[in-house]
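Pasted below: entry34.cif, mmCIF, C-alpha atoms.
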```
data_final
#
loop_
_atom_site.label_atom_id
_atom_site.label_comp_id
_atom_site.auth_asym_id
_atom_site.auth_seq_id
_atom_site.Cartn_x
_atom_site.Cartn_y
_atom_site.Cartn_z
CA MET A 1 7.89 48.13 -185.73
CA ASP A 2 11.15 49.54 -184.39
CA ASP A 3 12.39 50.32 -180.87
CA SER A 4 11.36 53.96 -181.09
CA LEU A 5 7.69 53.01 -181.37
CA PHE A 6 7.85 50.92 -178.17
CA GLU A 7 9.54 53.87 -176.40
CA GLU A 8 6.83 56.18 -177.73
CA LEU A 9 4.12 53.87 -176.41
CA ILE A 10 5.79 53.88 -173.00
CA GLU A 11 6.05 57.68 -173.01
CA ASN A 12 2.40 57.99 -173.99
CA SER A 13 1.44 55.65 -171.15
CA TRP A 14 3.13 58.04 -168.66
CA ARG A 15 0.52 60.69 -169.48
CA ARG A 16 -2.63 58.77 -170.39
CA ARG A 17 -4.17 55.37 -170.97
CA LEU A 18 -3.17 53.93 -174.33
CA THR A 19 -5.78 54.07 -177.10
CA PRO A 20 -7.16 50.73 -178.40
CA GLU A 21 -5.02 51.15 -181.48
CA GLU A 22 -1.89 51.70 -179.36
CA GLU A 23 -2.86 48.68 -177.23
CA VAL A 24 -2.87 46.50 -180.35
CA GLN A 25 0.55 47.85 -181.33
CA LEU A 26 1.85 47.16 -177.83
CA GLN A 27 0.54 43.59 -177.72
CA SER A 28 2.03 42.93 -181.12
CA TRP A 29 5.38 44.28 -179.92
CA LEU A 30 5.35 42.22 -176.74
CA ALA A 31 4.46 39.08 -178.70
CA SER A 32 7.56 39.48 -180.82
CA HIS A 33 9.77 40.83 -177.97
CA PRO A 34 8.91 38.85 -174.82
CA ALA A 35 11.99 40.24 -173.05
CA ASP A 36 10.27 43.65 -172.89
CA ALA A 37 7.25 42.23 -171.07
CA GLU A 38 8.85 42.71 -167.64
CA ARG A 39 9.70 46.34 -168.39
CA TRP A 40 6.17 47.01 -169.60
CA GLU A 41 4.73 45.35 -166.48
CA ALA A 42 6.77 47.64 -164.21
CA GLU A 43 5.85 50.75 -166.24
CA SER A 44 2.20 49.81 -166.25
CA GLY A 45 2.23 49.04 -162.51
CA LEU A 46 3.77 52.43 -161.74
CA ASN A 47 1.23 54.16 -163.98
CA GLN A 48 -1.57 52.57 -162.01
CA ALA A 49 0.07 53.51 -158.72
CA LEU A 50 0.41 57.14 -159.82
CA GLU A 51 -3.18 57.16 -161.07
CA ARG A 52 -4.30 56.24 -157.58
CA LEU A 53 -2.56 59.26 -156.07
CA LYS A 54 -5.34 61.19 -154.40
CA PRO A 55 -5.83 64.84 -155.26
CA VAL A 56 -5.16 67.08 -152.27
CA VAL A 57 -8.37 68.97 -151.53
CA PRO A 58 -7.95 72.33 -149.78
CA SER A 59 -10.33 73.55 -147.08
CA SER A 60 -13.89 74.36 -148.15
CA ASN A 61 -13.39 78.12 -147.67
CA PHE A 62 -10.22 78.21 -149.80
CA THR A 63 -11.62 80.52 -152.48
CA ALA A 64 -13.08 82.83 -149.83
CA GLN A 65 -9.67 82.91 -148.13
CA VAL A 66 -7.99 83.84 -151.42
CA LEU A 67 -10.47 86.67 -151.98
CA ARG A 68 -9.90 87.86 -148.41
CA LEU A 69 -6.15 87.81 -149.03
CA VAL A 70 -6.67 89.87 -152.18
CA GLU A 71 -8.77 92.35 -150.19
CA LEU A 72 -6.08 92.68 -147.51
CA GLU A 73 -3.40 93.14 -150.14
CA LEU A 74 -5.37 95.91 -151.84
CA LEU A 75 -5.92 97.58 -148.48
CA ALA A 76 -2.21 97.40 -147.66
CA GLU A 77 -1.33 98.84 -151.07
CA ARG A 78 -3.77 101.71 -150.60
CA ARG A 79 -2.31 102.45 -147.17
CA ALA A 80 1.23 102.36 -148.54
CA ALA A 81 0.24 104.81 -151.28
CA GLN A 82 -1.26 107.16 -148.70
CA THR A 83 1.64 106.97 -146.25
CA PRO A 84 4.00 109.95 -146.81
CA GLY A 85 7.80 109.70 -146.69
CA LEU A 86 10.09 111.06 -143.93
CA PHE A 87 9.77 114.73 -144.83
CA GLY A 88 6.07 114.31 -145.47
CA ARG A 89 5.68 112.84 -142.00
CA LEU A 90 7.64 115.72 -140.47
CA ALA A 91 5.41 118.25 -142.21
CA LEU A 92 2.37 116.33 -141.09
CA ALA A 93 3.66 116.30 -137.52
CA PHE A 94 4.04 120.10 -137.67
CA ARG A 95 0.47 120.48 -138.79
CA MET A 96 -0.90 118.10 -136.22
CA ARG A 97 -0.43 117.81 -132.51
CA GLY A 98 3.06 116.34 -132.58
CA ARG A 99 4.68 119.72 -133.15
CA GLY A 100 7.11 119.15 -130.27
CA LEU A 101 8.10 115.83 -131.75
CA ALA A 102 8.74 117.46 -135.10
CA TYR A 103 10.96 120.14 -133.46
CA ALA A 104 12.84 117.44 -131.60
CA ALA A 105 13.33 115.56 -134.86
CA LEU A 106 14.59 118.72 -136.57
CA LEU A 107 16.94 119.45 -133.66
CA LEU A 108 18.24 115.93 -133.83
CA PHE A 109 18.72 116.28 -137.57
CA ALA A 110 20.58 119.61 -137.16
CA SER A 111 22.73 118.16 -134.35
CA GLY A 112 23.54 115.25 -136.58
CA ILE A 113 24.69 117.55 -139.35
CA GLY A 114 26.73 119.68 -136.88
CA TYR A 115 28.45 116.66 -135.42
CA HIS A 116 29.18 115.37 -138.88
CA ARG A 117 30.75 118.72 -139.88
CA TYR A 118 32.81 118.80 -136.64
CA ARG A 119 34.14 115.32 -137.30
CA GLU A 120 34.97 116.22 -140.90
CA ASN A 121 36.84 119.34 -139.75
CA THR A 122 38.80 117.43 -137.12
CA HIS A 123 39.73 114.80 -139.67
CA HIS A 124 40.85 117.54 -142.06
CA GLN A 125 43.12 119.15 -139.43
CA ILE A 126 44.66 115.83 -138.50
CA ALA A 127 45.26 115.11 -142.17
CA GLN A 128 46.99 118.49 -142.62
CA GLY A 129 49.24 117.87 -139.60
CA ILE A 130 50.24 114.48 -140.89
CA HIS A 131 50.94 115.95 -144.32
CA ALA A 132 53.18 118.72 -142.87
CA PHE A 133 55.10 116.26 -140.72
CA SER A 134 55.59 113.85 -143.56
CA THR A 135 56.93 116.66 -145.80
CA VAL A 136 59.57 117.65 -143.19
CA ALA A 137 60.40 114.09 -142.41
CA THR A 138 61.02 113.17 -146.03
CA GLY A 139 62.64 116.52 -147.11
CA THR A 140 65.37 116.81 -144.42
CA GLN A 141 68.27 114.49 -144.98
CA PRO A 142 70.55 113.58 -142.00
CA GLU A 143 73.67 114.99 -143.80
CA VAL A 144 72.20 118.50 -143.62
CA LEU A 145 72.13 118.31 -139.85
CA VAL A 146 75.83 117.33 -139.46
CA ASP A 147 77.09 120.97 -139.22
CA PHE A 148 73.87 122.27 -137.68
CA ASP A 149 75.48 123.47 -134.45
CA THR A 150 78.31 125.31 -136.24
CA VAL A 151 75.92 127.05 -138.59
CA ARG A 152 73.63 128.00 -135.72
CA GLU A 153 76.60 129.62 -133.86
CA PHE A 154 77.42 131.93 -136.82
CA SER A 155 74.60 134.23 -135.85
CA GLN A 156 75.95 134.52 -132.33
CA VAL A 157 79.55 135.54 -133.30
CA VAL A 158 80.28 139.20 -132.53
CA VAL A 159 82.05 140.65 -135.55
CA ASP A 160 84.92 142.98 -134.71
CA VAL A 161 84.97 145.92 -136.99
CA ASN A 162 88.48 146.38 -138.33
CA PRO A 163 89.67 150.07 -137.94
CA THR A 164 91.57 149.80 -141.22
CA ASP A 165 88.43 149.04 -143.05
CA GLU A 166 86.75 151.96 -141.38
CA ALA A 167 89.42 154.27 -142.80
CA LEU A 168 88.98 152.72 -146.21
CA PHE A 169 85.24 153.32 -146.10
CA VAL A 170 85.86 156.93 -145.23
CA LEU A 171 88.22 157.30 -148.18
CA LEU A 172 85.81 155.63 -150.52
CA GLY A 173 83.09 157.91 -149.30
CA GLN A 174 85.16 160.88 -150.30
CA MET B 1 -3.17 85.43 -181.48
CA ALA B 2 -6.07 85.13 -183.91
CA ALA B 3 -7.97 82.29 -182.25
CA ASN B 4 -7.50 81.41 -178.60
CA PRO B 5 -8.21 77.74 -177.97
CA ASP B 6 -7.44 78.00 -174.24
CA PRO B 7 -10.62 79.04 -172.38
CA ASP B 8 -8.59 79.70 -169.23
CA ALA B 9 -6.42 82.18 -171.09
CA ALA B 10 -9.62 83.98 -172.11
CA LEU B 11 -10.69 84.04 -168.45
CA MET B 12 -7.27 85.36 -167.48
CA LEU B 13 -7.60 88.16 -170.02
CA ARG B 14 -10.86 89.08 -168.32
CA VAL B 15 -9.05 89.04 -164.96
CA LYS B 16 -6.53 91.42 -166.52
CA GLU B 17 -9.47 93.76 -167.23
CA GLY B 18 -10.41 93.58 -163.55
CA ASP B 19 -13.12 90.89 -163.71
CA MET B 20 -13.05 89.32 -160.23
CA GLY B 21 -15.73 86.79 -161.23
CA ALA B 22 -13.35 85.35 -163.82
CA PHE B 23 -10.64 85.23 -161.16
CA GLU B 24 -12.92 83.31 -158.81
CA THR B 25 -13.72 80.82 -161.60
CA LEU B 26 -10.01 80.20 -162.15
CA VAL B 27 -9.40 79.74 -158.41
CA GLU B 28 -12.26 77.22 -158.21
CA LYS B 29 -11.00 75.32 -161.23
CA TYR B 30 -7.34 75.13 -160.25
CA LYS B 31 -7.36 75.05 -156.46
CA VAL B 32 -7.11 71.25 -156.26
CA PRO B 33 -4.35 70.73 -158.87
CA VAL B 34 -2.33 73.63 -157.42
CA MET B 35 -2.85 72.41 -153.87
CA SER B 36 -1.86 68.86 -154.89
CA LEU B 37 1.39 70.06 -156.44
CA VAL B 38 2.24 72.38 -153.54
CA TYR B 39 1.39 69.78 -150.88
CA ARG B 40 3.54 67.14 -152.55
CA THR B 41 6.43 69.60 -152.67
CA LEU B 42 5.92 70.89 -149.10
CA PRO B 43 3.99 68.16 -147.26
CA ASP B 44 2.25 70.25 -144.63
CA MET B 45 -1.45 70.98 -145.10
CA ILE B 46 -1.47 74.39 -143.40
CA GLU B 47 1.61 75.73 -145.14
CA ALA B 48 0.64 74.16 -148.46
CA GLU B 49 -2.76 75.85 -148.31
CA ASP B 50 -1.13 79.15 -147.40
CA ILE B 51 1.25 78.91 -150.35
CA ALA B 52 -1.54 77.79 -152.71
CA GLN B 53 -3.53 80.89 -151.70
CA HIS B 54 -0.51 83.06 -152.41
CA VAL B 55 -0.15 81.42 -155.83
CA PHE B 56 -3.57 82.81 -156.78
CA LEU B 57 -2.77 86.16 -155.19
CA GLN B 58 0.38 86.25 -157.31
CA VAL B 59 -1.72 85.45 -160.39
CA LEU B 60 -3.86 88.50 -159.70
CA LYS B 61 -0.90 90.74 -158.92
CA ALA B 62 0.87 89.70 -162.14
CA ALA B 63 -2.33 89.85 -164.24
CA HIS B 64 -1.28 93.14 -165.89
CA ARG B 65 1.81 91.39 -167.27
CA TYR B 66 -0.08 88.34 -168.55
CA GLU B 67 0.28 87.65 -172.28
CA VAL B 68 -1.29 84.70 -174.05
CA SER B 69 1.98 83.14 -175.16
CA ALA B 70 1.35 79.76 -173.55
CA LYS B 71 -1.46 77.91 -171.84
CA PHE B 72 -2.76 79.57 -168.70
CA SER B 73 -2.08 76.43 -166.64
CA THR B 74 1.59 76.50 -167.70
CA TRP B 75 1.87 80.06 -166.38
CA LEU B 76 -0.02 79.15 -163.21
CA PHE B 77 2.10 76.10 -162.40
CA THR B 78 5.29 78.07 -163.10
CA ILE B 79 4.16 80.55 -160.41
CA ALA B 80 3.24 77.67 -158.07
CA ARG B 81 6.61 76.01 -158.52
CA ASN B 82 8.52 79.26 -158.03
CA LEU B 83 6.67 79.99 -154.78
CA CYS B 84 7.42 76.45 -153.56
CA LEU B 85 11.10 76.88 -154.40
CA ASN B 86 11.16 80.25 -152.62
CA GLU B 87 9.66 78.60 -149.55
CA ILE B 88 12.20 75.77 -149.68
CA ARG B 89 15.03 78.34 -149.91
CA ARG B 90 13.52 80.36 -147.05
CA ARG B 91 13.31 77.24 -144.91
CA MET B 92 16.94 76.44 -145.61
CA ARG B 93 17.93 79.94 -144.50
CA HIS B 94 15.61 80.05 -141.47
CA PRO B 95 14.75 76.55 -140.29
CA ALA B 96 11.34 76.87 -138.59
CA ASP B 97 9.94 74.93 -135.67
CA SER B 98 8.80 71.49 -136.64
CA LEU B 99 5.15 70.63 -136.94
CA ASP B 100 5.96 67.29 -135.31
CA GLU B 101 6.54 69.24 -132.11
CA THR B 102 2.93 69.56 -130.99
CA PHE B 103 3.72 70.31 -127.33
CA ARG B 104 6.27 72.68 -125.89
CA GLU B 105 8.20 71.44 -122.92
CA GLY B 106 6.16 72.07 -119.76
CA ASP B 107 3.21 73.36 -121.75
CA GLU B 108 -0.07 71.52 -121.82
CA ASN B 109 -1.45 73.40 -124.79
CA PRO B 110 -0.44 72.18 -128.24
CA VAL B 111 1.66 74.54 -130.39
CA ARG B 112 -0.44 73.64 -133.43
CA GLN B 113 -3.26 71.31 -134.00
CA VAL B 114 -3.11 69.79 -137.43
CA GLU B 115 -5.66 67.35 -138.67
CA ASP B 116 -3.92 64.27 -139.99
CA THR B 117 -5.84 63.70 -143.20
CA ARG B 118 -4.06 60.44 -143.75
CA VAL B 119 -5.74 58.85 -140.74
CA LYS B 120 -8.98 57.17 -141.73
CA GLY B 121 -11.39 54.67 -140.28
CA PRO B 122 -9.80 51.26 -139.67
CA PRO B 123 -11.37 49.34 -142.59
CA GLN B 124 -10.32 51.90 -145.22
CA ALA B 125 -6.92 52.35 -143.64
CA ILE B 126 -6.30 48.63 -143.92
CA LEU B 127 -7.32 48.65 -147.55
CA ASP B 128 -5.31 51.51 -148.96
CA GLY B 129 -3.58 53.50 -146.23
CA GLU B 130 -0.20 51.84 -146.50
CA LEU B 131 -0.07 51.83 -150.28
CA HIS B 132 -0.78 55.55 -150.57
CA GLU B 133 1.68 56.30 -147.86
CA LYS B 134 4.37 54.32 -149.67
CA ILE B 135 3.91 56.12 -152.95
CA ASP B 136 3.77 59.50 -151.22
CA GLU B 137 6.99 58.64 -149.39
CA ALA B 138 8.66 57.48 -152.59
CA LEU B 139 7.62 60.67 -154.37
CA ALA B 140 8.78 62.85 -151.48
CA ALA B 141 12.21 61.24 -151.67
CA LEU B 142 12.70 62.32 -155.29
CA PRO B 143 14.59 65.50 -156.23
CA GLU B 144 12.16 68.42 -156.67
CA LYS B 145 12.49 68.64 -160.48
CA GLN B 146 11.90 64.91 -161.00
CA ARG B 147 8.91 64.91 -158.63
CA THR B 148 7.32 67.99 -160.25
CA ALA B 149 7.88 66.57 -163.74
CA ILE B 150 6.23 63.27 -162.78
CA LEU B 151 3.28 64.96 -161.07
CA LEU B 152 2.64 67.31 -163.99
CA CYS B 153 3.07 64.45 -166.44
CA ARG B 154 0.02 62.61 -165.09
CA GLY B 155 -3.06 63.27 -167.15
CA GLU B 156 -3.26 65.14 -170.41
CA GLU B 157 -3.42 68.64 -168.97
CA HIS B 158 0.24 69.33 -169.71
CA SER B 159 2.21 68.41 -172.81
CA TYR B 160 5.93 67.69 -172.49
CA GLU B 161 6.50 71.18 -173.94
CA ASP B 162 4.34 72.70 -171.16
CA ILE B 163 6.19 70.77 -168.46
CA ALA B 164 9.51 71.84 -169.99
CA ARG B 165 8.40 75.50 -169.78
CA ILE B 166 7.32 75.13 -166.15
CA LEU B 167 10.62 73.48 -165.23
CA ASP B 168 12.58 75.91 -167.40
CA CYS B 169 14.43 73.20 -169.30
CA SER B 170 14.32 71.46 -172.70
CA VAL B 171 11.77 68.81 -173.69
CA GLN B 172 14.56 66.24 -173.87
CA ALA B 173 15.74 67.15 -170.36
CA THR B 174 12.13 66.94 -169.13
CA LYS B 175 11.70 63.42 -170.52
CA SER B 176 15.01 62.46 -168.97
CA LEU B 177 13.85 63.83 -165.58
CA ILE B 178 10.63 61.81 -165.81
CA HIS B 179 12.50 58.69 -166.86
CA ARG B 180 15.00 58.93 -163.99
CA GLY B 181 12.29 59.73 -161.49
CA ARG B 182 10.20 56.80 -162.62
CA GLU B 183 13.18 54.47 -162.40
CA ALA B 184 13.73 55.57 -158.80
CA LEU B 185 10.01 55.08 -158.01
CA LYS B 186 9.97 51.63 -159.61
CA GLU B 187 12.95 50.64 -157.51
CA LYS B 188 11.37 51.91 -154.26
CA LEU B 189 7.92 50.48 -154.98
CA LYS B 190 9.13 47.21 -156.47
CA PRO B 191 7.44 44.93 -153.88
CA TYR B 192 4.07 46.65 -154.39
CA LEU B 193 4.28 46.80 -158.17
CA ARG B 194 5.14 43.10 -158.38
CA SER B 195 2.49 41.98 -155.91
CA GLY B 196 -0.14 43.64 -158.10
CA GLU B 197 -1.56 45.52 -155.12
CA TRP B 198 -2.24 48.48 -157.37
CA GLU B 199 -4.35 46.45 -159.74
CA SER B 200 -7.71 47.03 -158.06
CA PRO B 201 -8.80 50.68 -158.04
#
```
Turn the structure described in the file into structure tokens.
Amino acid sequence: MDDSLFEELIENSWRRRLTPEEEVQLQSWLASHPADAERWEAESGLNQALERLKPVVPSSNFTAQVLRLVELELLAERRAAQTPGLFGRLALAFRMRGRGLAYAALLLFASGIGYHRYRENTHHQIAQGIHAFSTVATGTQPEVLVDFDTVREFSQVVVDVNPTDEALFVLLGQ
Amino acid sequence: MAANPDPDAALMLRVKEGDMGAFETLVEKYKVPVMSLVYRTLPDMIEAEDIAQHVFLQVLKAAHRYEVSAKFSTWLFTIARNLCLNEIRRRMRHPADSLDETFREGDENPVRQVEDTRVKGPPQAILDGELHEKIDEALAALPEKQRTAILLCRGEEHSYEDIARILDCSVQATKSLIHRGREALKEKLKPYLRSGEWESP
């Protein structure tokens, strides 16, 4: 008999009482390996302790409670299947007494959409402004502005018409 | 499957067809083992019973998905363990008020009244009260997987393969869990095991 058989006997003892045949094998093993007697004693003691663990008995109406739970669950599922969604509820409210409530809900919904559009529009305008500013800010280099005043004054200079040129124009016209 | 040796699987197939009588039979048969496992994972009678009831509700709700690929009890205890783990996770996220707190401050009425099933008449309590308490304590101190493996290992209902399926690990890992759990129990219960107090049933 090798070690694996002793281990197998121990593993079997975890789940059930050993058969008479296994008992004989065990006794034979322990007779030739007295050092294992202590281990077997501890294993056997623990097996007995676990065997004495009491089953936990639920209340006497446990099964009835489970069936009641099942009934409630089915009822809840049926209700959920019958309950319409948001638009269904609105339509239902129109048909029933809560017409005012349904109008209020619609008004609120429309206001919500209007406000959303307004905010989107405002954001768009702000974005455009920022874009325009950033284009100017990045496109105009400081060097361009050095002679700005001089260039601006060109348009204000009164040009004297030279009489010689006038005569020349007349000649050319002829 | 040509021949079905598991009578509970046959009952479950009837449940799948809508047979509530078969469902009731299964509840009656398994209420104690399920309750025992749940209670030893979550040691509170009221909550354990609540969870055990939901285990059977879950069985019914999942009946349409049931396939006879393993023993019915393996499937059932997998559901039981998963619900226990969900409850443990929920408790970690939302720690609830303790059942030990029976009275609120300045309130004469108890928050909950729970029957302490461990309390018995004096003669019986002297005989076995302490021993059972010790083993329950030792089991409660084990990690969940080791405890579940040891509890399912008792009796011939579940093979090591079944337990491995329930715990979602290999057979070798299952045996290792049982071995380590038993070593821890032997260490904790050493004085009782040596004194032979377990000898008499």
Exercise. Can you list what the PyMOL selection byres ((chain A) within 7 of (chain B)) grabs from this structure, as a list in words?
Worked result: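 Selection result, ordered by chain and number: Trp14, Arg15, Arg16, Ala42, Gly45, Leu46, Gln48, Ala49, Leu53, Pro55, Val56, Val57, Pro58, Thr63, Val66 and Val70 of chain A.
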For this session: Record the distance separating atom CA of A:Leu72 and atom CA of B:Leu42, expressed in Å with one decimal.
Result: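 Here the two named atoms are 24.9 Å from each other.
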For this session: Find the distance between atom CA of B:Phe77 and atom CA of B:Asp168 and write it in Å to one decimal.
Result: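 Going from atom CA of B:Phe77 over to atom CA of B:Asp168 covers 11.6 Å.
Using only C-alpha atoms, the smallest distance between any of B:Cys84, B:Pro43, B:Ala9, B:Ala164 and B:Glu67 comes from B:Ala9.
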Seminar exercise, completed: Judged by only C-alpha atoms, the minimum distance to A:Gln65 among B:Met92, B:Val15, B:Ile51, B:Leu83 is found for B:Ile51
Exercise. In Å, with one decimal, what is the gap from atom CA of B:Val171 to atom CA of A:Pro20?
Worked result: 26.6 Å
